[in-house]
>>> print(open('coords-v9.tsv').read())   # TSV, C-alpha atoms and all ligand atoms
chain	number	residue	atom	x	y	z
U	1	MET	CA	-63.18	-4.99	-47.08
U	2	THR	CA	-64.23	-7.00	-44.03
U	3	ASP	CA	-67.88	-7.62	-43.16
U	4	THR	CA	-67.42	-5.88	-39.83
U	5	PHE	CA	-66.25	-2.64	-41.46
U	6	ASN	CA	-67.91	0.42	-39.91
U	7	PRO	CA	-68.33	3.29	-42.42
U	8	ASP	CA	-68.58	5.82	-39.56
U	9	LEU	CA	-65.55	4.62	-37.59
U	10	LEU	CA	-63.53	7.75	-38.43
U	11	ALA	CA	-66.43	10.14	-39.12
U	12	GLY	CA	-65.40	13.76	-38.58
U	13	LYS	CA	-61.68	12.94	-38.49
U	14	VAL	CA	-58.89	14.27	-40.68
U	15	ALA	CA	-56.08	12.02	-41.93
U	16	PHE	CA	-52.73	12.84	-43.58
U	17	VAL	CA	-51.03	9.98	-45.46
U	18	ALA	CA	-47.44	10.28	-46.71
U	19	GLY	CA	-46.22	8.09	-49.58
U	20	ALA	CA	-49.74	7.39	-50.74
U	21	SER	CA	-49.59	7.35	-54.53
U	22	SER	CA	-49.56	3.54	-54.66
U	23	GLY	CA	-49.46	0.24	-52.85
U	24	ILE	CA	-50.03	-0.28	-49.16
U	25	ASN	CA	-50.21	3.39	-48.18
U	26	LEU	CA	-52.79	4.23	-50.85
U	27	ARG	CA	-54.92	1.34	-49.59
U	28	VAL	CA	-54.64	2.71	-46.04
U	29	ALA	CA	-55.70	6.18	-47.26
U	30	GLN	CA	-58.67	4.63	-49.09
U	31	ARG	CA	-59.56	2.72	-45.92
U	32	TYR	CA	-59.49	5.88	-43.78
U	33	ALA	CA	-61.69	7.69	-46.32
U	34	ALA	CA	-64.17	4.81	-46.54
U	35	ALA	CA	-64.43	4.98	-42.74
U	36	GLY	CA	-65.48	8.63	-42.93
U	37	ALA	CA	-62.21	10.58	-42.60
U	38	LYS	CA	-61.21	13.47	-44.83
U	39	VAL	CA	-57.85	12.51	-46.27
U	40	MET	CA	-54.84	14.39	-47.60
U	41	VAL	CA	-52.33	12.30	-49.56
U	42	ILE	CA	-48.78	13.23	-50.58
U	43	SER	CA	-45.98	11.73	-52.69
U	44	ARG	CA	-43.24	13.02	-55.01
U	45	SER	CA	-45.12	12.68	-58.27
U	46	GLU	CA	-47.74	15.32	-59.03
U	47	ASP	CA	-49.53	13.08	-61.56
U	48	LYS	CA	-49.48	9.93	-59.44
U	49	ILE	CA	-50.71	11.64	-56.29
U	50	ALA	CA	-53.49	13.44	-58.18
U	51	ALA	CA	-54.61	10.07	-59.58
U	52	ALA	CA	-54.46	8.55	-56.10
U	53	ALA	CA	-56.62	11.32	-54.63
U	54	ARG	CA	-59.08	10.78	-57.49
U	55	THR	CA	-59.55	7.11	-56.54
U	56	ILE	CA	-60.88	8.41	-53.22
U	57	THR	CA	-63.04	11.27	-54.51
U	58	ASP	CA	-64.44	9.04	-57.27
U	59	ALA	CA	-65.63	6.72	-54.49
U	60	GLY	CA	-67.57	9.64	-53.00
U	61	HIS	CA	-65.19	10.63	-50.21
U	62	ASP	CA	-63.18	13.76	-49.38
U	63	ALA	CA	-59.53	13.85	-50.45
U	64	ILE	CA	-56.85	16.22	-51.65
U	65	GLY	CA	-53.43	15.39	-53.05
U	66	MET	CA	-50.18	17.37	-53.12
U	67	ALA	CA	-46.74	16.66	-54.56
U	68	CYS	CA	-44.28	16.64	-51.66
U	69	ASP	CA	-40.95	14.91	-51.15
U	70	VAL	CA	-40.70	13.83	-47.51
U	71	ARG	CA	-36.95	14.56	-47.61
U	72	ASP	CA	-37.75	18.27	-47.95
U	73	TYR	CA	-38.79	19.49	-44.48
U	74	ALA	CA	-40.01	22.89	-45.71
U	75	LYS	CA	-42.27	21.22	-48.24
U	76	VAL	CA	-43.64	18.83	-45.61
U	77	VAL	CA	-44.43	21.83	-43.38
U	78	GLU	CA	-46.26	23.41	-46.32
U	79	ALA	CA	-48.27	20.23	-46.92
U	80	PHE	CA	-49.44	20.03	-43.30
U	81	ALA	CA	-50.40	23.71	-43.31
U	82	HIS	CA	-52.45	23.11	-46.45
U	83	CYS	CA	-54.17	20.10	-44.91
U	84	ARG	CA	-55.03	22.11	-41.77
U	85	ASP	CA	-56.36	25.00	-43.88
U	86	GLN	CA	-58.55	22.72	-45.98
U	87	PHE	CA	-59.80	20.25	-43.38
U	88	GLY	CA	-58.97	21.57	-39.88
U	89	GLU	CA	-56.98	19.96	-37.06
U	90	ILE	CA	-55.41	16.63	-37.95
U	91	ASP	CA	-56.39	13.45	-36.09
U	92	ILE	CA	-54.46	10.76	-37.97
U	93	VAL	CA	-51.01	10.72	-39.58
U	94	LEU	CA	-49.63	7.79	-41.56
U	95	SER	CA	-45.93	7.96	-42.48
U	96	GLY	CA	-45.17	5.32	-45.12
U	97	ALA	CA	-42.99	6.82	-47.85
U	98	ALA	CA	-40.14	4.44	-48.66
U	99	GLY	CA	-37.59	3.49	-51.25
U	100	ASN	CA	-35.89	0.12	-51.61
U	101	PHE	CA	-33.79	-2.06	-53.90
U	102	LEU	CA	-31.73	-5.19	-53.46
U	103	ALA	CA	-28.02	-4.39	-53.43
U	104	PRO	CA	-25.01	-5.93	-51.72
U	105	ALA	CA	-23.42	-3.50	-49.27
U	106	ILE	CA	-20.11	-3.55	-51.08
U	107	GLY	CA	-21.78	-2.63	-54.37
U	108	MET	CA	-23.80	0.18	-52.84
U	109	SER	CA	-22.55	3.77	-52.99
U	110	ALA	CA	-22.72	5.98	-49.93
U	111	ASN	CA	-25.34	7.99	-51.77
U	112	ALA	CA	-27.45	4.88	-52.42
U	113	PHE	CA	-27.40	4.09	-48.67
U	114	LYS	CA	-28.16	7.73	-47.82
U	115	THR	CA	-31.04	7.87	-50.29
U	116	VAL	CA	-32.98	5.14	-48.51
U	117	ILE	CA	-32.10	6.53	-45.08
U	118	ASP	CA	-33.31	9.95	-46.20
U	119	ILE	CA	-36.64	8.72	-47.56
U	120	ASP	CA	-37.55	6.15	-44.90
U	121	LEU	CA	-35.92	7.47	-41.72
U	122	LEU	CA	-35.43	11.22	-42.13
U	123	GLY	CA	-38.73	11.32	-44.04
U	124	THR	CA	-40.55	9.71	-41.11
U	125	PHE	CA	-38.98	12.18	-38.68
U	126	ASN	CA	-39.93	15.08	-40.97
U	127	VAL	CA	-43.55	13.95	-41.32
U	128	LEU	CA	-44.14	13.25	-37.64
U	129	HIS	CA	-42.24	16.35	-36.47
U	130	ALA	CA	-44.01	18.71	-38.88
U	131	SER	CA	-47.40	17.24	-37.95
U	132	PHE	CA	-47.12	18.14	-34.25
U	133	GLN	CA	-48.41	21.71	-34.30
U	134	HIS	CA	-51.42	20.72	-36.43
U	135	LEU	CA	-52.58	17.70	-34.42
U	136	ARG	CA	-55.79	17.52	-32.44
U	137	LYS	CA	-54.55	17.05	-28.89
U	138	PRO	CA	-55.49	14.95	-27.05
U	139	GLY	CA	-56.61	12.14	-29.33
U	140	ALA	CA	-54.30	12.19	-32.35
U	141	SER	CA	-52.94	8.89	-33.68
U	142	LEU	CA	-49.62	8.68	-35.55
U	143	VAL	CA	-48.65	5.48	-37.37
U	144	SER	CA	-45.45	4.71	-39.28
U	145	ILE	CA	-45.02	1.80	-41.65
U	146	THR	CA	-41.93	-0.16	-40.70
U	147	ALA	CA	-40.79	-3.67	-41.72
U	148	GLY	CA	-39.56	-6.91	-40.18
U	149	GLN	CA	-36.09	-5.98	-41.47
U	150	ALA	CA	-35.97	-3.48	-38.58
U	151	VAL	CA	-35.33	-6.36	-36.21
U	152	ARG	CA	-34.31	-9.25	-38.50
U	153	PRO	CA	-31.26	-8.54	-40.63
U	154	MET	CA	-31.49	-9.43	-44.31
U	155	MET	CA	-28.78	-9.69	-46.94
U	156	TYR	CA	-28.66	-6.94	-49.59
U	157	GLN	CA	-30.88	-4.77	-47.40
U	158	VAL	CA	-28.39	-2.90	-45.17
U	159	HIS	CA	-29.95	0.45	-46.09
U	160	ALA	CA	-33.58	-0.59	-45.49
U	161	CYS	CA	-32.74	-2.58	-42.33
U	162	ALA	CA	-30.93	0.41	-40.83
U	163	ALA	CA	-33.66	2.85	-41.87
U	164	LYS	CA	-36.56	0.79	-40.55
U	165	ALA	CA	-34.73	0.06	-37.27
U	166	GLY	CA	-34.58	3.82	-36.87
U	167	VAL	CA	-38.28	4.13	-37.65
U	168	ASN	CA	-39.01	1.72	-34.79
U	169	GLN	CA	-36.98	3.84	-32.40
U	170	ILE	CA	-38.58	7.09	-33.59
U	171	THR	CA	-41.94	5.44	-32.85
U	172	LYS	CA	-40.95	4.56	-29.29
U	173	CYS	CA	-39.18	7.85	-28.51
U	174	LEU	CA	-42.08	9.99	-29.72
U	175	ALA	CA	-44.60	7.77	-27.92
U	176	MET	CA	-42.76	8.67	-24.71
U	177	GLU	CA	-42.34	12.39	-25.47
U	178	TRP	CA	-45.79	13.04	-26.91
U	179	GLY	CA	-47.89	10.66	-24.81
U	180	PRO	CA	-48.42	13.34	-22.13
U	181	ALA	CA	-50.04	15.52	-24.82
U	182	GLY	CA	-52.48	12.71	-25.56
U	183	ILE	CA	-50.85	11.67	-28.82
U	184	ARG	CA	-50.50	7.96	-29.59
U	185	VAL	CA	-47.50	6.91	-31.68
U	186	ASN	CA	-47.32	3.40	-33.15
U	187	ALA	CA	-45.95	1.50	-36.12
U	188	VAL	CA	-47.29	-1.31	-38.29
U	189	SER	CA	-44.78	-3.85	-39.55
U	190	PRO	CA	-46.10	-5.63	-42.65
U	191	GLY	CA	-44.74	-8.99	-43.68
U	192	PRO	CA	-44.48	-9.70	-47.39
U	193	ILE	CA	-47.56	-8.14	-49.01
U	194	GLY	CA	-48.72	-9.35	-52.42
U	195	ASP	CA	-49.28	-7.06	-55.41
U	196	THR	CA	-46.91	-4.35	-54.19
U	197	GLU	CA	-43.85	-2.59	-55.55
U	198	GLY	CA	-41.98	-3.68	-52.44
U	199	MET	CA	-42.38	-7.40	-53.16
U	200	ALA	CA	-41.87	-6.91	-56.90
U	201	ARG	CA	-38.42	-5.63	-55.94
U	202	LEU	CA	-37.62	-8.12	-53.18
U	203	ALA	CA	-39.13	-11.28	-54.76
U	204	PRO	CA	-38.78	-10.80	-58.48
U	205	ASN	CA	-39.91	-14.29	-59.60
U	206	ASP	CA	-42.45	-17.02	-58.79
U	207	ASP	CA	-39.88	-19.48	-57.44
U	208	TYR	CA	-38.68	-16.95	-54.88
U	209	ALA	CA	-42.27	-16.10	-53.92
U	210	LYS	CA	-43.15	-19.78	-53.44
U	211	ALA	CA	-40.07	-20.36	-51.27
U	212	SER	CA	-40.85	-17.23	-49.27
U	213	LYS	CA	-44.41	-18.36	-48.52
U	214	ALA	CA	-43.17	-21.81	-47.47
U	215	ARG	CA	-41.10	-20.22	-44.69
U	216	ILE	CA	-43.92	-18.13	-43.18
U	217	PRO	CA	-45.89	-19.70	-40.29
U	218	LEU	CA	-49.24	-18.82	-41.93
U	219	ARG	CA	-47.86	-20.02	-45.31
U	220	ASP	CA	-48.94	-17.02	-47.36
U	221	TRP	CA	-48.20	-13.39	-48.08
U	222	GLY	CA	-50.55	-10.75	-46.72
U	223	THR	CA	-52.79	-8.33	-48.60
U	224	LYS	CA	-52.92	-4.55	-48.68
U	225	ASP	CA	-56.28	-4.84	-46.90
U	226	ASP	CA	-54.59	-6.65	-44.00
U	227	ILE	CA	-52.43	-3.57	-43.45
U	228	GLY	CA	-55.38	-1.23	-44.05
U	229	ASP	CA	-57.37	-2.97	-41.33
U	230	ALA	CA	-54.53	-2.72	-38.80
U	231	CYS	CA	-54.01	0.98	-39.56
U	232	LEU	CA	-57.74	1.59	-39.31
U	233	TRP	CA	-57.85	0.01	-35.88
U	234	LEU	CA	-54.84	2.03	-34.68
U	235	ALA	CA	-56.45	5.24	-35.94
U	236	SER	CA	-59.70	4.50	-34.14
U	237	ASP	CA	-60.73	4.98	-30.53
U	238	ALA	CA	-60.72	1.17	-30.20
U	239	ALA	CA	-56.92	1.54	-29.86
U	240	ARG	CA	-57.12	4.45	-27.39
U	241	TYR	CA	-54.70	2.84	-24.93
U	242	VAL	CA	-52.18	1.58	-27.50
U	243	SER	CA	-48.97	3.59	-27.87
U	244	GLY	CA	-45.32	2.82	-28.54
U	245	ALA	CA	-46.28	-0.49	-30.14
U	246	ILE	CA	-44.80	-2.09	-33.23
U	247	ILE	CA	-47.70	-4.18	-34.53
U	248	ASN	CA	-46.59	-7.10	-36.71
U	249	VAL	CA	-49.06	-7.92	-39.49
U	250	ASP	CA	-46.85	-10.57	-41.02
U	251	GLY	CA	-48.36	-14.04	-40.71
U	252	GLY	CA	-45.82	-14.77	-37.98
U	253	SER	CA	-42.81	-14.00	-40.21
U	254	GLU	CA	-40.84	-12.22	-37.52
U	255	LEU	CA	-40.73	-15.37	-35.40
U	256	GLY	CA	-38.25	-16.91	-37.81
U	257	ASP	CA	-38.03	-19.47	-40.59
U	258	ALA	CA	-40.93	-21.92	-40.18
U	259	GLY	CA	-40.12	-23.85	-43.33
U	260	GLY	CA	-37.26	-26.04	-44.40
U	261	ASP	CA	-37.51	-29.50	-42.88
U	262	ALA	CA	-41.06	-29.03	-41.68
U	263	LEU	CA	-42.07	-31.35	-38.88
U	264	THR	CA	-44.50	-34.10	-39.77
U	265	VAL	CA	-47.21	-33.79	-37.17
U	266	PRO	CA	-47.60	-37.24	-35.59
U	267	GLU	CA	-51.08	-38.76	-35.72
U	268	ARG	CA	-52.74	-39.07	-32.33
G	1	LIG	C1	-27.65	0.05	-56.23
G	1	LIG	C2	-28.90	1.96	-56.56
G	1	LIG	C3	-29.98	1.19	-57.05
G	1	LIG	C4	-29.83	-0.23	-57.12
G	1	LIG	C5	-30.53	3.30	-57.09
G	1	LIG	N1	-29.30	3.25	-56.61
G	1	LIG	N2	-31.00	2.07	-57.36
G	1	LIG	N3	-27.75	1.40	-56.14
G	1	LIG	N4	-28.66	-0.74	-56.69
G	1	LIG	N5	-30.80	-1.01	-57.57
G	1	LIG	C6	-28.44	4.36	-56.23
G	1	LIG	C7	-28.18	5.31	-57.39
G	1	LIG	O1	-27.14	4.83	-58.25
G	1	LIG	C8	-27.77	6.58	-56.64
G	1	LIG	O2	-26.46	6.50	-56.15
G	1	LIG	C9	-28.67	6.54	-55.41
G	1	LIG	O3	-29.10	5.19	-55.27
G	1	LIG	C10	-29.90	7.43	-55.58
G	1	LIG	O4	-30.58	7.02	-56.76
G	1	LIG	P1	-31.66	8.00	-57.47
G	1	LIG	O5	-32.26	7.21	-58.57
G	1	LIG	O6	-31.03	9.31	-57.78
G	1	LIG	O7	-32.67	8.25	-56.25
G	1	LIG	P2	-34.18	8.73	-56.24
G	1	LIG	O8	-34.56	9.30	-57.58
G	1	LIG	O9	-34.33	9.56	-55.03
G	1	LIG	O10	-35.02	7.34	-56.11
G	1	LIG	C11	-35.04	6.63	-54.91
G	1	LIG	C12	-34.96	5.10	-55.14
G	1	LIG	C13	-35.98	4.63	-56.19
G	1	LIG	C14	-35.14	4.45	-53.78
G	1	LIG	C15	-33.55	4.79	-55.67
G	1	LIG	O11	-35.87	3.23	-56.38
G	1	LIG	C16	-37.40	4.98	-55.80
G	1	LIG	O12	-37.86	6.10	-56.12
G	1	LIG	N6	-38.12	4.09	-55.07
G	1	LIG	C17	-39.52	4.37	-54.63
G	1	LIG	C18	-40.40	3.16	-54.82
G	1	LIG	C19	-39.95	1.98	-54.01
G	1	LIG	O13	-38.73	1.76	-53.82
G	1	LIG	N7	-40.92	1.20	-53.51
G	1	LIG	C20	-40.63	0.08	-52.68
G	1	LIG	C21	-40.75	0.49	-51.24
G	1	LIG	S1	-41.08	-0.99	-50.44
G	1	LIG	P3	-25.19	7.21	-56.90
G	1	LIG	O14	-24.03	6.90	-56.04
G	1	LIG	O15	-25.11	6.58	-58.26
G	1	LIG	O16	-25.52	8.68	-56.95
G	1	LIG	C22	-40.09	-1.41	-49.28
G	1	LIG	C23	-40.05	-2.93	-49.24
G	1	LIG	C24	-40.16	-3.72	-48.13
G	1	LIG	O17	-39.54	-0.59	-48.66
G	1	LIG	C25	-39.59	-3.37	-46.82
G	1	LIG	C26	-38.19	-3.65	-46.56
G	1	LIG	C27	-37.59	-2.73	-45.54
G	2	LIG	P1	-44.82	1.62	-53.01
G	2	LIG	O1	-46.10	1.31	-53.71
G	2	LIG	O2	-43.62	1.87	-53.84
G	2	LIG	O3	-45.07	2.81	-52.00
G	2	LIG	C1	-44.09	3.75	-51.67
G	2	LIG	C2	-44.70	5.12	-51.78
G	2	LIG	O4	-43.78	6.08	-51.29
G	2	LIG	C3	-45.06	5.52	-53.19
G	2	LIG	O5	-46.37	6.03	-53.16
G	2	LIG	C4	-44.07	6.62	-53.55
G	2	LIG	O6	-44.72	7.56	-54.41
G	2	LIG	C5	-43.78	7.20	-52.17
G	2	LIG	N1	-42.48	7.84	-52.05
G	2	LIG	C6	-41.26	7.34	-52.33
G	2	LIG	N2	-40.30	8.22	-52.07
G	2	LIG	C7	-40.93	9.32	-51.58
G	2	LIG	C8	-40.48	10.58	-51.11
G	2	LIG	N3	-39.18	10.86	-51.08
G	2	LIG	N4	-41.40	11.48	-50.68
G	2	LIG	C9	-42.72	11.19	-50.72
G	2	LIG	N5	-43.20	10.02	-51.15
G	2	LIG	C10	-42.31	9.09	-51.56
G	2	LIG	O7	-44.41	0.41	-52.02
G	2	LIG	P2	-45.19	-0.57	-51.03
G	2	LIG	O8	-44.60	-1.92	-51.26
G	2	LIG	O9	-46.65	-0.40	-51.06
G	2	LIG	O10	-44.60	-0.07	-49.61
G	2	LIG	C11	-45.34	0.83	-48.78
G	2	LIG	C12	-44.76	0.83	-47.38
G	2	LIG	O11	-44.82	-0.48	-46.80
G	2	LIG	C13	-43.28	1.24	-47.30
G	2	LIG	O12	-43.06	1.98	-46.12
G	2	LIG	C14	-42.56	-0.09	-47.21
G	2	LIG	O13	-41.29	0.01	-46.64
G	2	LIG	C15	-43.53	-0.86	-46.35
G	2	LIG	N6	-43.42	-2.32	-46.42
G	2	LIG	C16	-43.81	-2.95	-47.55
G	2	LIG	C17	-43.75	-4.32	-47.62
G	2	LIG	C18	-44.23	-5.06	-48.83
G	2	LIG	O14	-44.33	-6.30	-48.79
G	2	LIG	N7	-44.56	-4.38	-49.91
G	2	LIG	C19	-43.27	-5.05	-46.51
G	2	LIG	C20	-42.86	-4.37	-45.37
G	2	LIG	C21	-42.94	-3.00	-45.33
G	2	LIG	P3	-43.98	8.50	-55.50
G	2	LIG	O15	-43.13	7.60	-56.34
G	2	LIG	O16	-45.12	9.14	-56.21
G	2	LIG	O17	-43.18	9.46	-54.66
>>> encode(input="coords-v9.tsv", output="structure tokens")
Amino acid sequence: MTDTFNPDLLAGKVAFVAGASSGINLRVAQRYAAAGAKVMVISRSEDKIAAAARTITDAGHDAIGMACDVRDYAKVVEAFAHCRDQFGEIDIVLSGAAGNFLAPAIGMSANAFKTVIDIDLLGTFNVLHASFQHLRKPGASLVSITAGQAVRPMMYQVHACAAKAGVNQITKCLAMEWGPAGIRVNAVSPGPIGDTEGMARLAPNDDYAKASKARIPLRDWGTKDDIGDACLWLASDAARYVSGAIINVDGGSELGDAGGDALTVPER
């Protein structure tokens, strides 16, 4: 947690975080709670989401967890109604549920492709759409977690690239449609983040991780706190005029490959 962290930044606010049983999204939920928000977390697994909510309540903050598959619109509607009943109007929504695996397109079944589209893309639509009637308006902040693959194609990632490209467009379309109601809609695009399921799947060994870091302008992977800080800022009034933005928190990764035959900087 950064030294400048303000424990009252989100005091009195209510946050709903989808896909929060682990990894980046759980860290974001913990961040919101530590900044004073009451937080509802959802994911598919009853046990995992209960444990995730406990990490927040054990730290002395308010949280509830509910098992909910973001592919099931009726269940998502139920989850938002429960959050509203328990905590009141919702100020902050984080849509981050995702599934991923490396697979060549030709070896991927139509159902494998559809599964990732359904979790990442349809799931994001379901979460943001179902949130609308429960949002505090004006003032609500919606954030989706996207990825650099939305704009930079990657081999063996046709499903995730297509899904996250759609998440970027959902972000921009809803920012236009819901801006007049005073709702801000943005996305955070993490680069490779250490100690996550995502990178365990995409970079399964040390050699790959080392090569990956050598191509990033800032020469390292990010941390879950880096994403937590960006999401905290977007949820706060400090970002009151930010909408329709895709915020890269990626060490410069999206700019391209900054490795290979690195330039030797001439001495002056
Ligand atoms: C090829 C695969 C596969 C693999 C599953 N499938 N894994 N195909 N290679 N490695 C196929 C199955 O054979 C099946 O197709 C279809 O996908 C659905 O599989 P299920 O296991 O029934 O799906 P489900 O139980 O819904 O699980 C979803 C999942 C799973 C995505 C497959 O891995 C999961 O639950 N993931 C959640 C955690 C996760 O992925 N975290 C990382 C997110 S990070 P058939 O045809 O056989 O029926 C992330 C990274 C970085 O997104 C960002 C990049 C964009
Ligand atoms: P993670 O720990 O696997 O997080 C994914 C979460 O989504 C889990 O809590 C999982 O919980 C939940 N989930 C999966 N399918 C769901 C469904 N159908 N309904 C509801 N919840 C579901 O992975 P992560 O690496 O931290 O990734 C988090 C987010 O960051 C994702 O959006 C990912 O695309 C994005 N991202 C990650 C990286 C990275 O470097 N890790 C880079 C770019 C973008 P259950 O299993 O309990 O359902």
>>> residues_near_ligand(input="coords-v9.tsv", ligand="ligand LIG 2 (chain G)", cutoff="6 Å", atoms="all atoms listed in the file", output="PyMOL selection string")
chain U and resi 19-25+43-45+48+68-71+96-99+119+145-147+190-193+196-199
>>> closest_residue(input="coords-v9.tsv", among="U:Leu135, U:Ala103, U:Ala187, U:Val249", to="ligand LIG 1 (chain G)", atoms="all atoms listed in the file")
U:Ala103
>>> closest_residue(input="coords-v9.tsv", among="U:Glu89, U:Asp118, U:Asp8, U:Asp226", to="Val28 (chain U)", atoms="only C-alpha atoms")
U:Asp226
>>> residues_around(input="coords-v9.tsv", residues="region 160-170 of chain U", least_positions_apart="6", cutoff="12 Å", atoms="only C-alpha atoms", output="number ranges by chain")
U: 95-105, 112-129, 142-154, 176-178, 185-190, 198, 202, 244-248
>>> atom_distance(input="coords-v9.tsv", atom1="atom O11 of ligand LIG 1 (chain G)", atom2="CA of Trp221 (chain U)")
22.3 Å
>>> closest_residue(input="coords-v9.tsv", among="U:Ala130, U:Leu218, U:Ile183, U:Ala51", to="Leu26 (chain U)", atoms="all atoms listed in the file")
U:Ala51
>>> atom_distance(input="coords-v9.tsv", atom1="atom O6 of ligand LIG 1 (chain G)", atom2="CA of Gly107 (chain U)")
15.5 Å
>>> closest_residue(input="coords-v9.tsv", among="U:Ile216, U:Val158, U:Met108, U:Ala181", to="ligand LIG 1 (chain G)", atoms="all atoms listed in the file")
U:Met108
>>> residues_around(input="coords-v9.tsv", residues="region 81-85 of chain U", least_positions_apart="4", cutoff="12 Å", atoms="all atoms listed in the file", output="VMD selection string")
chain U and resid 13 to 17 38 to 42 62 to 68 74 to 77 89 to 93 130 to 136
>>> atom_distance(input="coords-v9.tsv", atom1="atom O3 of ligand LIG 1 (chain G)", atom2="CA of Ala110 (chain U)")
8.4 Å
>>> closest_residue(input="coords-v9.tsv", among="U:Ala29, U:Ala203, U:Ala214, U:Leu10", to="ligand LIG 1 (chain G)", atoms="all atoms listed in the file")
U:Ala203
>>> closest_residue(input="coords-v9.tsv", among="U:His159, U:His61, U:Arg54, U:Arg31", to="ligand LIG 1 (chain G)", atoms="all atoms listed in the file")
U:His159
>>> decode(input="coords-v9.tsv", residues="region 70-75 of chain U", atoms="all heavy atoms", output="short mmCIF file (atom, residue, chain, number, x, y, z; two decimals), in the first residue's frame")
data_model
loop_
_atom_site.label_atom_id
_atom_site.label_comp_id
_atom_site.auth_asym_id
_atom_site.auth_seq_id
_atom_site.Cartn_x
_atom_site.Cartn_y
_atom_site.Cartn_z
N VAL U 70 -21.06 -14.96 -13.78
CA VAL U 70 -21.42 -13.75 -14.55
C VAL U 70 -22.07 -14.09 -15.89
O VAL U 70 -22.64 -13.22 -16.55
CB VAL U 70 -20.21 -12.81 -14.78
CG1 VAL U 70 -19.69 -12.25 -13.46
CG2 VAL U 70 -19.10 -13.50 -15.57
N ARG U 71 -22.00 -15.37 -16.29
CA ARG U 71 -22.67 -15.77 -17.54
C ARG U 71 -24.17 -15.91 -17.36
O ARG U 71 -24.91 -16.00 -18.35
CB ARG U 71 -22.07 -17.10 -18.03
CG ARG U 71 -20.63 -16.98 -18.46
CD ARG U 71 -19.98 -18.33 -18.71
NE ARG U 71 -19.64 -19.03 -17.47
CZ ARG U 71 -18.87 -20.11 -17.41
NH1 ARG U 71 -18.35 -20.61 -18.51
NH2 ARG U 71 -18.61 -20.67 -16.25
N ASP U 72 -24.63 -15.92 -16.12
CA ASP U 72 -26.04 -16.15 -15.81
C ASP U 72 -26.68 -14.80 -15.43
O ASP U 72 -26.57 -14.34 -14.30
CB ASP U 72 -26.11 -17.15 -14.65
CG ASP U 72 -27.54 -17.49 -14.25
OD1 ASP U 72 -28.47 -16.76 -14.63
OD2 ASP U 72 -27.70 -18.48 -13.51
N TYR U 73 -27.35 -14.17 -16.41
CA TYR U 73 -27.84 -12.80 -16.18
C TYR U 73 -28.79 -12.72 -14.99
O TYR U 73 -28.71 -11.80 -14.18
CB TYR U 73 -28.53 -12.27 -17.45
CG TYR U 73 -28.92 -10.82 -17.31
CD1 TYR U 73 -27.97 -9.81 -17.43
CD2 TYR U 73 -30.24 -10.44 -17.06
CE1 TYR U 73 -28.30 -8.47 -17.28
CE2 TYR U 73 -30.60 -9.11 -16.91
CZ TYR U 73 -29.61 -8.12 -17.03
OH TYR U 73 -29.95 -6.80 -16.88
N ALA U 74 -29.68 -13.73 -14.86
CA ALA U 74 -30.65 -13.69 -13.75
C ALA U 74 -29.93 -13.72 -12.41
O ALA U 74 -30.33 -13.04 -11.45
CB ALA U 74 -31.61 -14.88 -13.87
N LYS U 75 -28.87 -14.47 -12.33
CA LYS U 75 -28.12 -14.56 -11.07
C LYS U 75 -27.39 -13.24 -10.78
O LYS U 75 -27.27 -12.81 -9.63
CB LYS U 75 -27.13 -15.73 -11.20
CG LYS U 75 -26.51 -16.15 -9.91
CD LYS U 75 -27.45 -16.95 -9.02
CE LYS U 75 -26.79 -17.14 -7.66
NZ LYS U 75 -27.67 -17.63 -6.62
#
